[in-house]
>>> print(open('entry_3.txt').read())   # compact mmCIF, C-alpha atoms
# COMPACT_ATOMS: atom_id res chain seq x y z
CA MET A 1 20.24 7.60 -20.46
CA ALA A 2 16.53 7.26 -21.01
CA ASN A 3 16.04 6.54 -24.64
CA MET A 4 12.55 7.18 -25.88
CA LYS A 5 11.87 3.44 -25.94
CA THR A 6 12.06 3.27 -22.16
CA THR A 7 9.15 5.24 -20.85
CA LYS A 8 9.08 6.12 -17.20
CA ASN A 9 5.90 4.05 -16.82
CA ALA A 10 7.47 0.94 -18.34
CA TYR A 11 10.55 1.33 -16.16
CA LEU A 12 8.56 1.77 -12.94
CA GLU A 13 6.29 -1.14 -13.83
CA LYS A 14 9.37 -3.32 -14.10
CA LEU A 15 10.68 -1.96 -10.80
CA THR A 16 7.42 -2.45 -8.88
CA ARG A 17 7.08 -6.03 -10.18
CA GLN A 18 10.37 -6.84 -8.45
CA ILE A 19 9.40 -5.47 -5.06
CA GLN A 20 7.77 -7.97 -2.75
CA MET A 21 5.22 -6.47 -0.37
CA LYS A 22 3.78 -8.36 2.58
CA SER A 23 0.25 -7.22 3.25
CA VAL A 24 -1.90 -7.78 6.31
CA LYS A 25 -3.91 -11.04 6.50
CA VAL A 26 -7.63 -10.69 7.26
CA GLY A 27 -10.72 -12.86 6.99
CA LYS A 28 -14.05 -12.25 5.23
CA ASN A 29 -15.31 -10.14 8.12
CA LEU A 30 -13.39 -7.10 9.29
CA GLU A 31 -14.02 -4.87 12.26
CA GLY A 32 -11.66 -1.95 12.40
CA SER A 33 -11.42 1.66 11.41
CA THR A 34 -10.92 3.79 8.33
CA PRO A 35 -8.25 6.55 8.70
CA PRO A 36 -10.54 8.05 6.91
CA SER A 37 -9.56 6.64 3.52
CA VAL A 38 -11.15 5.73 0.18
CA PHE A 39 -9.72 4.44 -3.08
CA ILE A 40 -11.26 4.73 -6.53
CA GLY A 41 -9.74 2.74 -9.38
CA ARG A 42 -9.80 3.68 -13.04
CA TRP A 43 -9.76 0.42 -15.02
CA SER A 44 -13.36 0.10 -16.15
CA TYR A 45 -14.16 3.83 -16.39
CA PRO A 46 -16.93 5.18 -16.64
CA LYS A 47 -17.68 2.45 -14.11
CA VAL A 48 -15.12 2.38 -11.32
CA TYR A 49 -14.17 0.13 -8.44
CA ALA A 50 -14.76 2.38 -5.45
CA GLY A 51 -14.62 1.65 -1.76
CA PRO A 52 -13.20 2.33 1.68
CA MET A 53 -9.79 1.39 2.99
CA MET A 54 -9.86 -0.06 6.49
CA ALA A 55 -7.29 -1.01 9.08
CA ASN A 56 -7.70 -4.18 11.11
CA GLN A 57 -7.68 -2.14 14.34
CA VAL A 58 -10.04 0.29 16.03
CA GLY A 59 -9.20 3.76 17.24
CA ASP A 60 -7.12 6.50 15.66
CA THR A 61 -5.61 5.19 12.41
CA ALA A 62 -5.32 8.66 10.78
CA ILE A 63 -1.51 8.41 10.39
CA MET A 64 -1.93 5.59 7.82
CA ASP A 65 -3.40 7.99 5.28
CA SER A 66 -1.82 11.33 6.25
CA PRO A 67 1.24 11.76 4.03
CA GLU A 68 1.44 15.43 5.03
CA SER A 69 2.65 14.42 8.47
CA TRP A 70 5.12 11.65 7.56
CA ILE A 71 8.23 13.68 6.71
CA GLY A 72 7.77 16.08 9.64
CA GLN A 73 7.42 13.10 11.97
CA HIS A 74 10.53 11.45 10.48
CA LYS A 75 8.67 8.37 9.26
CA ASN A 76 10.94 6.16 7.19
CA GLN A 77 10.09 4.12 4.11
CA GLU A 78 9.45 1.01 6.19
CA ASP A 79 6.99 2.84 8.48
CA ILE A 80 5.07 4.14 5.48
CA ILE A 81 4.96 0.75 3.73
CA ASN A 82 3.73 -0.86 6.98
CA TYR A 83 0.93 1.72 7.26
CA ARG A 84 -0.13 1.24 3.67
CA MET A 85 0.05 -2.57 3.65
CA SER A 86 -2.17 -2.62 6.77
CA LEU A 87 -4.99 -0.96 4.81
CA VAL A 88 -7.56 -3.38 3.38
CA ARG A 89 -9.43 -2.13 0.32
CA GLY A 90 -13.09 -2.95 -0.15
CA LYS A 91 -14.61 -2.29 -3.56
CA GLN A 92 -17.82 -2.26 -5.56
CA LEU A 93 -18.26 -1.52 -9.26
CA ILE A 94 -20.18 1.75 -9.53
CA LYS A 95 -21.15 4.16 -12.32
CA ILE A 96 -19.30 7.47 -11.84
CA ASP A 97 -22.55 9.47 -11.70
CA ASP A 98 -24.38 7.15 -9.28
CA LEU A 99 -23.93 9.51 -6.31
CA ASP A 100 -27.29 8.64 -4.69
CA ASN A 101 -26.12 5.08 -4.16
CA PRO A 102 -26.14 4.42 -0.34
CA PHE A 103 -22.64 2.90 -0.59
CA VAL A 104 -21.32 6.06 -2.31
CA GLU A 105 -22.99 8.19 0.36
CA LYS A 106 -20.95 6.28 2.97
CA LEU A 107 -17.79 6.93 0.96
CA GLN A 108 -18.64 10.64 0.94
CA ASP A 109 -19.20 10.48 4.69
CA ILE A 110 -15.74 8.94 5.11
CA SER A 111 -14.03 11.48 2.85
CA LEU A 112 -15.55 14.45 4.65
CA ALA A 113 -14.86 13.06 8.11
CA SER A 114 -12.68 15.00 10.51
CA LYS A 115 -11.13 11.88 12.03
CA ALA A 116 -10.84 8.07 11.84
CA ILE A 117 -14.16 6.18 11.93
CA ASN A 118 -14.93 2.73 13.32
CA SER A 119 -16.24 0.52 10.54
CA GLU A 120 -17.30 -3.04 9.78
CA ALA A 121 -17.16 -4.87 6.49
CA THR A 122 -18.13 -8.24 5.07
CA PHE A 123 -16.29 -9.24 1.90
CA GLY A 124 -17.40 -11.66 -0.81
CA LYS A 125 -14.19 -13.57 -0.25
CA ARG A 126 -11.08 -13.14 1.84
CA PRO A 127 -9.17 -10.01 0.69
CA THR A 128 -5.84 -10.89 -0.98
CA GLY A 129 -2.93 -9.30 -2.83
CA ALA A 130 -1.42 -5.85 -2.53
CA LEU A 131 -1.19 -2.85 -4.83
CA LEU A 132 2.09 -1.15 -5.63
CA THR A 133 2.07 1.12 -8.68
CA GLU A 134 4.17 4.03 -9.78
CA ASP A 135 1.44 6.63 -9.34
CA SER A 136 -0.67 6.12 -6.22
CA MET A 137 0.11 5.17 -2.65
CA PRO A 138 0.40 1.41 -2.14
CA HIS A 139 -2.25 -0.49 -0.19
CA GLY A 140 -2.83 -3.96 1.21
CA PRO A 141 -5.23 -6.74 0.17
CA SER A 142 -8.55 -6.07 -1.57
CA ALA A 143 -11.88 -7.81 -2.25
CA VAL A 144 -15.42 -6.98 -3.29
CA ILE A 145 -17.32 -5.67 -0.29
CA GLU A 146 -20.85 -7.01 0.37
CA LYS A 147 -21.83 -5.24 3.57
CA PHE A 148 -20.36 -2.09 4.99
CA ASP A 149 -21.26 -0.06 8.07
CA ILE A 150 -19.66 2.93 9.72
CA ASP A 151 -20.20 4.73 13.02
CA ALA A 152 -21.76 8.18 13.05
CA VAL A 153 -19.42 10.67 11.40
CA ARG A 154 -18.56 14.25 12.24
CA TRP A 155 -17.62 16.15 9.08
CA ASP A 156 -14.72 18.56 8.80
CA LYS A 157 -16.31 22.05 8.87
CA GLN A 158 -14.43 23.40 5.83
CA LEU A 159 -15.08 20.32 3.68
CA GLU A 160 -18.73 20.37 4.72
CA LYS A 161 -19.13 23.98 3.54
CA SER A 162 -17.79 23.09 0.07
CA TYR A 163 -20.02 20.01 -0.08
CA TYR A 164 -23.19 22.03 0.50
CA ASP A 165 -22.24 24.84 -1.88
CA THR A 166 -23.53 23.43 -5.16
CA ASP A 167 -22.90 26.72 -7.01
CA LEU A 168 -19.18 26.57 -6.28
CA LYS A 169 -16.92 25.17 -9.01
CA ALA A 170 -14.66 22.31 -7.93
CA SER A 171 -11.53 24.35 -8.77
CA GLU A 172 -12.73 27.19 -6.52
CA ALA A 173 -13.51 24.75 -3.72
CA VAL A 174 -9.99 23.31 -3.94
CA LEU A 175 -8.37 26.77 -3.86
CA ASN A 176 -10.52 27.93 -0.90
CA LEU A 177 -9.64 24.80 1.07
CA HIS A 178 -5.94 25.17 0.26
CA ASN A 179 -6.05 28.77 1.48
CA LYS A 180 -7.63 27.55 4.74
CA ASN A 181 -4.76 25.05 5.23
CA VAL A 182 -6.90 21.95 4.68
CA PRO A 183 -4.40 19.13 3.93
CA PHE A 184 -4.06 18.29 0.24
CA THR A 185 -4.97 14.63 0.84
CA ALA A 186 -8.21 15.60 2.61
CA MET A 187 -9.47 17.75 -0.24
CA GLN A 188 -8.28 15.31 -2.89
CA LYS A 189 -10.29 12.47 -1.26
CA ALA A 190 -13.40 14.66 -1.10
CA PHE A 191 -12.88 15.65 -4.75
CA SER A 192 -12.57 11.98 -5.78
CA VAL A 193 -15.93 10.98 -4.21
CA GLY A 194 -17.81 13.76 -6.02
CA ALA A 195 -18.22 16.03 -2.98
CA PHE A 196 -17.24 19.24 -4.83
CA GLY A 197 -18.43 21.10 -7.88
CA THR A 198 -21.63 22.55 -9.24
CA LYS A 199 -24.72 20.44 -8.71
CA TYR A 200 -24.90 18.48 -11.97
CA LYS A 201 -21.17 18.17 -12.61
CA ARG A 202 -20.31 16.06 -9.56
CA LYS A 203 -19.06 12.54 -10.16
CA LEU A 204 -16.65 9.94 -8.85
CA VAL A 205 -13.07 10.56 -10.01
CA PRO A 206 -10.38 7.82 -9.90
CA THR A 207 -7.89 8.50 -7.10
CA ARG A 208 -4.93 8.89 -9.45
CA TRP A 209 -6.75 11.44 -11.65
CA SER A 210 -8.10 13.34 -8.65
CA ILE A 211 -4.56 13.93 -7.33
CA THR A 212 -3.37 15.43 -10.63
CA ALA A 213 -6.65 17.36 -11.04
CA CYS A 214 -6.19 19.05 -7.64
CA ASP A 215 -2.49 19.74 -8.27
CA THR A 216 -3.17 21.16 -11.74
CA SER A 217 -6.10 23.25 -10.61
CA LEU A 218 -4.04 24.85 -7.82
CA ALA A 219 -0.93 25.32 -10.00
CA ASP A 220 -2.93 27.02 -12.78
CA GLN A 221 -4.55 29.44 -10.34
CA PHE A 222 -1.23 30.21 -8.60
CA LEU A 223 0.54 30.78 -11.92
CA LYS A 224 -1.98 33.41 -13.06
CA GLU A 225 -0.94 35.51 -10.08
CA VAL A 226 2.77 34.65 -10.05
CA LYS A 227 3.14 35.89 -13.65
CA ASN A 228 2.29 39.41 -12.42
CA PHE A 229 5.07 39.55 -9.84
CA GLU A 230 8.62 40.86 -10.19
CA LYS A 231 11.28 38.32 -11.05
CA ILE A 232 13.82 37.26 -8.44
CA ASP A 233 17.26 38.76 -9.11
CA THR A 234 19.68 35.88 -8.47
CA TYR A 235 19.77 32.11 -8.98
CA ARG A 236 18.58 30.20 -5.92
CA VAL A 237 19.08 26.57 -4.98
CA TYR A 238 16.77 24.86 -2.47
CA GLU A 239 17.41 21.23 -1.55
CA PHE A 240 16.04 18.39 0.52
CA GLY A 241 16.34 14.61 0.67
CA SER A 242 14.32 11.83 2.28
CA LEU A 243 12.94 8.35 1.50
CA ASN A 244 15.93 7.51 -0.74
CA ASN A 245 15.45 10.65 -2.84
CA TYR A 246 17.36 13.91 -3.25
CA TYR A 247 15.88 17.08 -4.74
CA ALA A 248 17.72 20.16 -6.02
CA ILE A 249 15.37 23.01 -6.92
CA ILE A 250 16.82 25.89 -8.94
CA LEU A 251 14.86 29.13 -9.25
CA THR A 252 16.08 31.30 -12.14
CA PRO A 253 15.74 35.11 -12.51
CA THR A 254 13.54 34.74 -15.62
CA GLU A 255 9.86 34.72 -16.43
CA TRP A 256 8.05 31.48 -15.60
CA GLN A 257 9.32 28.38 -17.39
CA TYR A 258 9.75 24.95 -15.89
CA GLU A 259 11.77 21.81 -16.45
CA TRP A 260 11.51 18.65 -14.35
CA TYR A 261 14.20 15.96 -14.34
CA GLU A 262 14.20 12.71 -12.44
CA ALA A 263 16.94 10.12 -12.40
CA PHE A 264 16.67 6.52 -11.22
CA ILE A 265 20.06 5.17 -10.27
CA LYS A 266 20.82 1.43 -10.03
CA LEU A 267 17.41 0.40 -8.70
CA ILE A 268 17.16 -2.75 -10.83
CA GLY A 269 20.68 -3.31 -12.12
CA LYS A 270 23.38 -0.93 -13.29
CA GLU A 271 20.97 1.49 -14.95
CA GLU A 272 21.13 5.28 -14.75
CA LEU A 273 17.97 6.64 -16.35
CA ILE A 274 16.95 10.27 -16.64
CA PHE A 275 13.42 11.33 -17.62
CA SER A 276 12.43 14.94 -18.18
CA ASP A 277 9.65 17.23 -19.34
CA TYR A 278 9.20 20.98 -19.58
CA GLU A 279 6.95 23.90 -20.35
CA THR A 280 7.68 27.43 -21.55
CA ASN A 281 5.86 30.55 -20.41
CA GLY A 282 2.77 29.55 -22.39
CA GLY A 283 2.21 26.45 -20.22
CA LYS A 284 1.66 22.82 -21.12
CA LYS A 285 -1.04 21.59 -23.47
CA GLU A 286 -0.75 17.78 -23.34
CA TYR A 287 -0.50 15.52 -20.27
CA SER A 288 3.10 15.27 -19.06
CA ARG A 289 5.05 12.23 -20.19
CA VAL A 290 6.51 11.91 -16.68
CA GLY A 291 3.08 11.73 -15.01
CA GLY A 292 1.71 13.25 -11.82
CA CYS A 293 5.08 14.18 -10.27
CA TYR A 294 5.44 16.97 -12.83
CA TYR A 295 2.27 18.72 -11.67
CA THR A 296 2.68 18.27 -7.96
CA ALA A 297 6.23 19.68 -8.01
CA LYS A 298 5.07 22.66 -10.06
CA MET A 299 2.19 23.29 -7.63
CA ALA A 300 4.41 23.18 -4.53
CA VAL A 301 6.98 25.66 -5.91
CA LEU A 302 4.35 28.05 -7.31
CA ASP A 303 2.64 28.03 -3.92
CA SER A 304 5.93 29.16 -2.36
CA LEU A 305 6.48 31.89 -5.03
CA LEU A 306 2.93 33.16 -4.53
CA LYS A 307 3.50 33.54 -0.78
CA GLU A 308 6.69 35.48 -1.49
CA LYS A 309 5.04 37.50 -4.28
CA LYS A 310 7.87 36.73 -6.72
CA GLN A 311 8.18 35.23 -10.20
CA SER A 312 10.96 32.93 -11.42
CA GLY A 313 11.82 30.10 -13.75
CA LEU A 314 12.13 26.62 -12.26
CA ILE A 315 14.46 23.65 -12.80
CA ILE A 316 14.07 20.59 -10.57
CA LEU A 317 16.60 17.77 -10.46
CA ARG A 318 15.48 14.69 -8.55
CA GLU A 319 17.49 11.53 -7.97
CA ALA A 320 16.13 8.23 -6.61
CA TYR A 321 18.69 5.88 -5.06
CA GLU A 322 19.06 2.22 -4.26
CA GLY A 323 16.27 1.00 -1.97
CA TYR A 324 13.78 3.53 -3.40
CA VAL A 325 10.19 2.28 -3.58
CA PRO A 326 7.52 4.19 -5.54
CA LEU A 327 5.12 5.37 -2.83
CA GLY A 328 2.98 7.77 -4.83
CA VAL A 329 3.03 11.41 -5.89
CA PHE A 330 2.84 12.63 -2.27
CA ASN A 331 6.55 11.75 -2.00
CA VAL A 332 7.45 14.51 -4.47
CA ARG A 333 4.94 17.04 -3.11
CA GLU A 334 6.00 16.72 0.52
CA ASN A 335 9.75 16.66 -0.20
CA ILE A 336 9.50 19.79 -2.32
CA LYS A 337 7.32 21.59 0.23
CA GLU A 338 9.98 20.74 2.80
CA ALA A 339 12.80 22.01 0.53
CA MET A 340 11.00 25.33 -0.08
CA LYS A 341 10.79 25.97 3.67
CA LYS A 342 14.56 25.71 4.08
CA PRO A 343 17.07 28.56 3.59
CA TYR A 344 18.30 28.69 -0.02
CA LYS A 345 21.77 29.27 -1.47
CA GLU A 346 22.22 32.19 -3.86
CA PHE A 347 24.36 32.30 -7.00
CA GLU A 348 25.13 34.99 -9.56
CA THR A 349 25.07 32.66 -12.56
CA LEU A 350 23.34 29.49 -13.68
CA LYS A 351 26.77 27.92 -14.09
CA GLU A 352 27.57 28.46 -10.39
CA ALA A 353 24.18 27.14 -9.31
CA LEU A 354 24.66 24.01 -11.43
CA LEU A 355 28.23 23.47 -10.25
CA TYR A 356 26.93 23.54 -6.67
CA CYS A 357 24.14 21.03 -7.50
CA GLY A 358 26.77 18.88 -9.18
CA THR A 359 28.52 18.46 -5.83
CA LYS A 360 25.34 16.90 -4.40
CA LEU A 361 24.01 14.84 -7.30
CA LYS A 362 25.35 11.40 -8.21
CA ILE A 363 24.85 11.80 -11.97
CA PRO A 364 27.05 14.44 -13.62
CA ILE A 365 25.22 17.67 -14.48
CA LYS A 366 26.39 17.33 -18.08
CA LYS A 367 24.11 14.30 -18.51
CA TYR A 368 21.08 16.21 -17.27
CA VAL A 369 21.79 19.07 -19.64
CA LYS A 370 22.09 16.66 -22.59
CA GLN A 371 18.80 14.98 -21.72
CA GLY A 372 16.80 18.18 -21.25
CA THR A 373 15.55 21.08 -23.31
CA LEU A 374 15.24 24.30 -21.28
CA LEU A 375 18.43 23.84 -19.29
CA ASN A 376 20.30 23.20 -22.50
CA GLU A 377 18.87 26.35 -24.10
CA MET A 378 19.56 28.51 -21.04
CA LEU A 379 23.21 27.48 -21.05
CA HIS A 380 23.61 27.93 -24.79
CA THR A 381 22.04 31.36 -25.06
CA LYS A 382 25.19 32.61 -23.38
CA GLN A 383 27.13 31.61 -26.52
CA THR A 384 29.11 29.06 -24.57
CA THR A 385 29.63 25.39 -25.01
CA LEU A 386 29.01 22.76 -22.43
CA ASP A 387 32.67 21.83 -22.41
CA GLN A 388 33.62 25.23 -21.07
CA TYR A 389 31.33 24.55 -18.15
CA PHE A 390 31.74 20.96 -17.19
CA LYS A 391 35.10 19.53 -18.00
>>> encode(input="entry_3.txt", output="structure tokens")
Amino acid sequence: MANMKTTKNAYLEKLTRQIQMKSVKVGKNLEGSTPPSVFIGRWSYPKVYAGPMMANQVGDTAIMDSPESWIGQHKNQEDIINYRMSLVRGKQLIKIDDLDNPFVEKLQDISLASKAINSEATFGKRPTGALLTEDSMPHGPSAVIEKFDIDAVRWDKQLEKSYYDTDLKASEAVLNLHNKNVPFTAMQKAFSVGAFGTKYKRKLVPTRWSITACDTSLADQFLKEVKNFEKIDTYRVYEFGSLNNYYAIILTPTEWQYEWYEAFIKLIGKEELIFSDYETNGGKKEYSRVGGCYYTAKMAVLDSLLKEKKQSGLIILREAYEGYVPLGVFNVRENIKEAMKKPYKEFETLKEALLYCGTKLKIPIKKYVKQGTLLNEMLHTKQTTLDQYFK
């Protein structure tokens, strides 16, 4: 089990160090296209390394940075890694409020673009390396960019509207765009290059933070409404698996409360680690100890409840299996969105719902219950012991 000494971050750092990624080889000059894609780092905040990501090919490269379409198009882990390792990251160190910088203006152009853009770059030296972390999508080699040009850009109409509305709060812009079916990745990129928000509040936001900011902003606004709806009247289990993951999503006939579990099974050696976090009806005050996955999963399920005009509690059990590679938070968001579209199974009791999940999960349910908080409480309020449930 995950003792408190092993944080999820430390574990995933160890895992990603072991994974060898082969990235594309390019020279100091690159002519190609951007999907459109930008990446903003966070290491030297409030200065950040910001820049475009380019593929060494012209034409339509949109699929390389469109996680929303990967699961629907049955892309496997190898396809996704190939896309990401083909993206070359250019970067310059920029103050987060330096939005009049001509280089930043180009990044805004890219982020608001409706399709891939032909681009040319000259780097200070040949781009090298690759990035694989536990929290953002991997990418190929990177280097400081000295010269950067892009073709004329046509902006996405919805993103353009939000860009020009300098009285509109960023959170309102994100909700409006979500309601108009603008892909999450598109609005998150625009958010990260300071294209949304009231006039004097705009700034560059590191990619990782911008993902959680958009997820949190949507989830908070959905939850306000969901809390007013009637509760569902049975236990429901939704499920889906892809990219070496399996998700079981249990909706409970209670007011809103939420517990997230994720298990990593034999990815490095013989380990079986479970990490979890939760919130009660009052919400969460501090940043989740399991990172961005917590917020994106919450957002995706609340979005589904809002459409159905129902309230429920939520327990998510996720398992990652041998061969799993951390590909970024999108993996959780898109798998859960997929699960919520599928027909669910109904159960009269939490016990029955858990027994069903137990037939699909590789780690016994008993271990999840021991590790968690809410699930444990929900089972024990019935004045029963675990042993009665799971022999």
>>> closest_residue(input="entry_3.txt", among="A:Ser192, A:Asn176, A:Thr280, A:Thr122", to="Leu107 (chain A)", atoms="all atoms listed in the file")
A:Ser192
>>> residues_around(input="entry_3.txt", residues="region 281-292 of chain A", least_positions_apart="2", cutoff="6 Å", atoms="only C-alpha atoms", output="VMD selection string")
chain A and resid 212 256 to 257 279 294 to 295
>>> closest_residue(input="entry_3.txt", among="A:Phe123, A:Leu243, A:Leu168, A:Ser37", to="Leu327 (chain A)", atoms="all atoms listed in the file")
A:Leu243
>>> atom_distance(input="entry_3.txt", atom1="CA of Pro253 (chain A)", atom2="CA of Leu379 (chain A)")
13.7 Å
>>> closest_residue(input="entry_3.txt", among="A:Val193, A:Asp220, A:Gln371, A:Val325", to="Glu172 (chain A)", atoms="all atoms listed in the file")
A:Asp220
>>> atom_distance(input="entry_3.txt", atom1="CA of Tyr321 (chain A)", atom2="CA of Ser242 (chain A)")
10.4 Å
